Amino acid sequence: PTAARAPTPPPPPRRRKESKGISEPAAAMGIGEHFEGVKQHWARNLAFLDYFKKVYGRAEPLPKWSDADVEEFIASDPVYGPQLKVLRESRKFALGGALVGAAHLGGVAFKYSKAPHGVLLATGFGAITGAVLGAEVAEHWYQLYKVDKQGANLRFIYWWEDKVSGQKS
Amino acid sequence: MEKYYSKTKFAPFRDAPFALRGALGSSNTNLEQTRGYTSSPLGALRPKVPPSGRRPLHTSGPLSAPVANRPLSPHLPLKKPQLSATFSISHRIFGVALGVAIISVPLATKFSIMFGV
């Protein structure tokens with residue numbers, strides 16, 4: 001009974017215009033196959049989440065450290081110490097920017113606004129905006145864009161973990 | 001003008017910044033005056049606004065001279081809550097909440113790295 005079938009295979013399903021450039025028949029791919037293709041891409045894109053898992057997602061949290069501990073690490077580590085130092089210095093830029101932004105926008109709102117809650121919201125928004133702007137200034141002032149900030153923090157975390165476990169045993 | 005200002009509930013706060021007037025004086029609701037406003041036939045006889053020739057338009061104060069307990073525009077107690085109004089209000093509330101949630105993820109990421117250690 002199969003002899004009656006036409007010898008030519010059925011034509012491929014029509015594609016939409018957008019997928020014209022793709023040589024592989026994308027429409028024939030299953031979801032799992034598609035996921036296999038893009039898994040590495042998303043693993044690279046979401047790799048920054050690993051930092052939060054290591055810092056905040058610990059089974060038992062690390063004991064608190066003080067500024068003196070951080071200073072000790074900065075003095076001891078020739079590579080990541082200076083990086084962590086400038087990262088901590090950049091806080092002052094963010095805080096100063098927050099102060100300036102809050103004073104500016106809050107002041108304008110207090111002078112002209114007719115709504116007390118608007119003054120409050122404007123002050124908060126000015127603080128956030130100023131902090132972001134101050135952080136951006138610090139980024140260029142200290143060339144923080146060259147620094148692996150998560151890496152510098154993680155180095156300290158690991159150093160602190162080693163130090164604490166060494167004290168315990 | 002002074003005569004009308006002395007009757008308003010904002011009268012003690014005339015020297016306060018405009019933004020604070022509502023917060024300072026919003027708590028007193030004077031029932032007798034409300035009833036008098038709504039039901040007294042004499043209310044139509046008194047002129048409530050000054051003659052419009054010399055009225056200053058560009059001031060930081062309210063445009064018309066506020067009469068004591070004049071009913072203000074969103075007459076919420078008079079209205080039955082409608083589905084459309086409820087949807088609109090909750091739509092805005094959820095929109096603001098969603099916006100705040102979306103904007104705080106990158107902000108928290110940024111500042112947690114900066115202030116974390």
# chains A, B, ... in the order shown; residues from 1 in each chain; ligands from 1
>>> select_by_dssp(residues="region 42-158 of chain A", states="alpha helix (DSSP H)", output="PyMOL selection string")
chain A and resi 42-45+49-56+67-76+80-112+116-141+149-158
>>> closest_atom_pairs(of="chain A", to="chain B", cutoff="8 Å", atoms="only C-alpha atoms", output="JSON lines")
{"residue": "A:Val70", "atom": "CA", "partner": "B:Val117", "partner_atom": "CA", "distance": 7.7}
{"residue": "A:Leu87", "atom": "CA", "partner": "B:Met114", "partner_atom": "CA", "distance": 6.4}
{"residue": "A:Arg88", "atom": "CA", "partner": "B:Met114", "partner_atom": "CA", "distance": 6.8}
{"residue": "A:Ser90", "atom": "CA", "partner": "B:Met114", "partner_atom": "CA", "distance": 7.5}
{"residue": "A:Arg91", "atom": "CA", "partner": "B:Met114", "partner_atom": "CA", "distance": 6.6}
{"residue": "A:Phe110", "atom": "CA", "partner": "B:Ala19", "partner_atom": "CA", "distance": 7.0}
{"residue": "A:Lys111", "atom": "CA", "partner": "B:Pro17", "partner_atom": "CA", "distance": 7.8}
{"residue": "A:Tyr112", "atom": "CA", "partner": "B:Ala19", "partner_atom": "CA", "distance": 7.9}
{"residue": "A:Ser113", "atom": "CA", "partner": "B:Ala19", "partner_atom": "CA", "distance": 5.8}
{"residue": "A:Lys114", "atom": "CA", "partner": "B:Ala19", "partner_atom": "CA", "distance": 4.0}
{"residue": "A:Ala115", "atom": "CA", "partner": "B:Ala19", "partner_atom": "CA", "distance": 4.8}
{"residue": "A:Pro116", "atom": "CA", "partner": "B:Ala19", "partner_atom": "CA", "distance": 5.2}
{"residue": "A:Lys149", "atom": "CA", "partner": "B:Ile113", "partner_atom": "CA", "distance": 7.0}
{"residue": "A:Gln150", "atom": "CA", "partner": "B:Ile113", "partner_atom": "CA", "distance": 6.6}
{"residue": "A:Asn153", "atom": "CA", "partner": "B:Val117", "partner_atom": "CA", "distance": 6.3}
{"residue": "A:Phe156", "atom": "CA", "partner": "B:Val117", "partner_atom": "CA", "distance": 7.9}
>>> write_last_selection(atoms="N, CA, C and O atoms", output="compact mmCIF listing (two decimals), in the first residue's frame")
# COMPACT_ATOMS: atom_id res chain seq x y z
N VAL A 70 38.50 43.90 57.80
CA VAL A 70 38.62 44.24 56.38
C VAL A 70 39.94 44.94 56.12
O VAL A 70 40.63 44.67 55.12
N LEU A 87 36.88 50.04 46.43
CA LEU A 87 35.44 49.75 46.43
C LEU A 87 34.78 50.31 47.68
O LEU A 87 33.67 50.84 47.65
N ARG A 88 35.51 50.22 48.80
CA ARG A 88 34.95 50.79 50.03
C ARG A 88 35.02 52.32 50.02
O ARG A 88 34.17 52.98 50.61
N SER A 90 34.49 54.07 47.47
CA SER A 90 33.44 54.58 46.59
C SER A 90 32.11 54.76 47.33
O SER A 90 31.22 55.42 46.82
N ARG A 91 32.01 54.17 48.51
CA ARG A 91 30.80 54.41 49.31
C ARG A 91 30.61 55.88 49.62
O ARG A 91 29.49 56.38 49.64
N PHE A 110 10.06 71.04 48.58
CA PHE A 110 9.53 71.71 49.77
C PHE A 110 9.16 73.15 49.47
O PHE A 110 8.20 73.69 50.02
N LYS A 111 9.91 73.76 48.56
CA LYS A 111 9.62 75.15 48.24
C LYS A 111 8.35 75.27 47.40
O LYS A 111 7.56 76.18 47.60
N TYR A 112 8.17 74.36 46.47
CA TYR A 112 7.11 74.56 45.49
C TYR A 112 5.93 73.61 45.64
O TYR A 112 4.86 73.90 45.13
N SER A 113 6.14 72.45 46.26
CA SER A 113 5.06 71.46 46.24
C SER A 113 3.97 71.83 47.24
O SER A 113 4.21 72.50 48.24
N LYS A 114 2.76 71.40 46.92
CA LYS A 114 1.65 71.63 47.83
C LYS A 114 1.30 70.38 48.61
O LYS A 114 0.32 70.36 49.34
N ALA A 115 2.05 69.29 48.42
CA ALA A 115 1.70 68.03 49.06
C ALA A 115 2.84 67.56 49.93
O ALA A 115 3.97 67.41 49.45
N PRO A 116 2.61 67.34 51.22
CA PRO A 116 3.68 66.86 52.10
C PRO A 116 4.24 65.51 51.69
O PRO A 116 5.45 65.29 51.72
N LYS A 149 34.34 43.58 41.06
CA LYS A 149 33.90 43.96 42.41
C LYS A 149 33.40 42.76 43.20
O LYS A 149 33.72 42.60 44.38
N GLN A 150 32.62 41.92 42.54
CA GLN A 150 32.16 40.71 43.22
C GLN A 150 33.34 39.85 43.63
O GLN A 150 33.36 39.30 44.73
N ASN A 153 35.03 41.24 46.71
CA ASN A 153 34.26 40.93 47.92
C ASN A 153 34.39 39.45 48.28
O ASN A 153 34.54 39.09 49.45
N PHE A 156 37.55 38.49 50.05
CA PHE A 156 37.51 38.79 51.48
C PHE A 156 36.67 37.77 52.23
O PHE A 156 37.02 37.32 53.31
>>> atom_distance(atom1="CA of Phe73 (chain A)", atom2="CA of Gly166 (chain A)")
15.0 Å
>>> residues_around(residues="Ala103 (chain A)", least_positions_apart="3", cutoff="10 Å", atoms="only C-alpha atoms", output="VMD selection string")
chain A and resid 97 to 100 106 to 110 122 to 124 126 to 127 130
>>> write_last_selection(atoms="N, CA, C and O atoms", output="compact mmCIF listing (two decimals), in the first residue's frame")
# COMPACT_ATOMS: atom_id res chain seq x y z
N GLY A 97 26.61 61.77 47.23
CA GLY A 97 25.64 62.02 46.17
C GLY A 97 24.22 61.91 46.66
O GLY A 97 23.35 62.71 46.28
N ALA A 98 23.97 60.95 47.54
CA ALA A 98 22.63 60.81 48.11
C ALA A 98 22.24 62.04 48.90
O ALA A 98 21.11 62.54 48.81
N LEU A 99 23.21 62.56 49.65
CA LEU A 99 22.93 63.76 50.46
C LEU A 99 22.62 64.95 49.57
O LEU A 99 21.62 65.67 49.77
N VAL A 100 23.45 65.14 48.55
CA VAL A 100 23.25 66.28 47.65
C VAL A 100 21.92 66.15 46.91
O VAL A 100 21.14 67.10 46.81
N GLY A 106 14.62 67.48 47.37
CA GLY A 106 13.73 67.73 48.50
C GLY A 106 13.53 69.21 48.74
O GLY A 106 12.42 69.65 49.07
N GLY A 107 14.58 69.98 48.57
CA GLY A 107 14.45 71.42 48.76
C GLY A 107 13.54 72.05 47.73
O GLY A 107 12.67 72.87 48.06
N VAL A 108 13.72 71.66 46.49
CA VAL A 108 12.84 72.20 45.43
C VAL A 108 11.40 71.80 45.71
O VAL A 108 10.47 72.63 45.60
N ALA A 109 11.21 70.54 46.11
CA ALA A 109 9.84 70.09 46.37
C ALA A 109 9.25 70.81 47.57
O ALA A 109 8.07 71.19 47.56
N PHE A 110 10.06 71.04 48.58
CA PHE A 110 9.53 71.71 49.77
C PHE A 110 9.16 73.15 49.47
O PHE A 110 8.20 73.69 50.02
N ALA A 122 9.79 62.97 46.92
CA ALA A 122 10.83 63.62 46.12
C ALA A 122 12.17 63.54 46.83
O ALA A 122 13.21 63.34 46.18
N THR A 123 12.17 63.69 48.15
CA THR A 123 13.43 63.59 48.89
C THR A 123 14.03 62.19 48.75
O THR A 123 15.23 62.04 48.48
N GLY A 124 13.20 61.18 48.89
CA GLY A 124 13.69 59.81 48.73
C GLY A 124 14.20 59.54 47.34
O GLY A 124 15.27 58.94 47.15
N GLY A 126 15.29 61.74 45.23
CA GLY A 126 16.53 62.48 45.04
C GLY A 126 17.71 61.77 45.68
O GLY A 126 18.81 61.75 45.11
N ALA A 127 17.49 61.16 46.84
CA ALA A 127 18.57 60.43 47.50
C ALA A 127 19.02 59.24 46.65
O ALA A 127 20.22 59.00 46.45
N GLY A 130 20.76 60.52 43.51
CA GLY A 130 22.08 61.03 43.83
C GLY A 130 23.06 59.93 44.17
O GLY A 130 24.24 60.01 43.81
>>> residues_around(residues="Leu144 (chain A)", least_positions_apart="6", cutoff="10 Å", atoms="only C-alpha atoms", output="ChimeraX atom specification")
/A:83,86-87,90,135-138
>>> atom_distance(atom1="CA of Gly99 (chain B)", atom2="CA of His140 (chain A)")
28.6 Å
>>> atom_distance(atom1="CA of Leu154 (chain A)", atom2="CA of Lys54 (chain A)")
8.0 Å
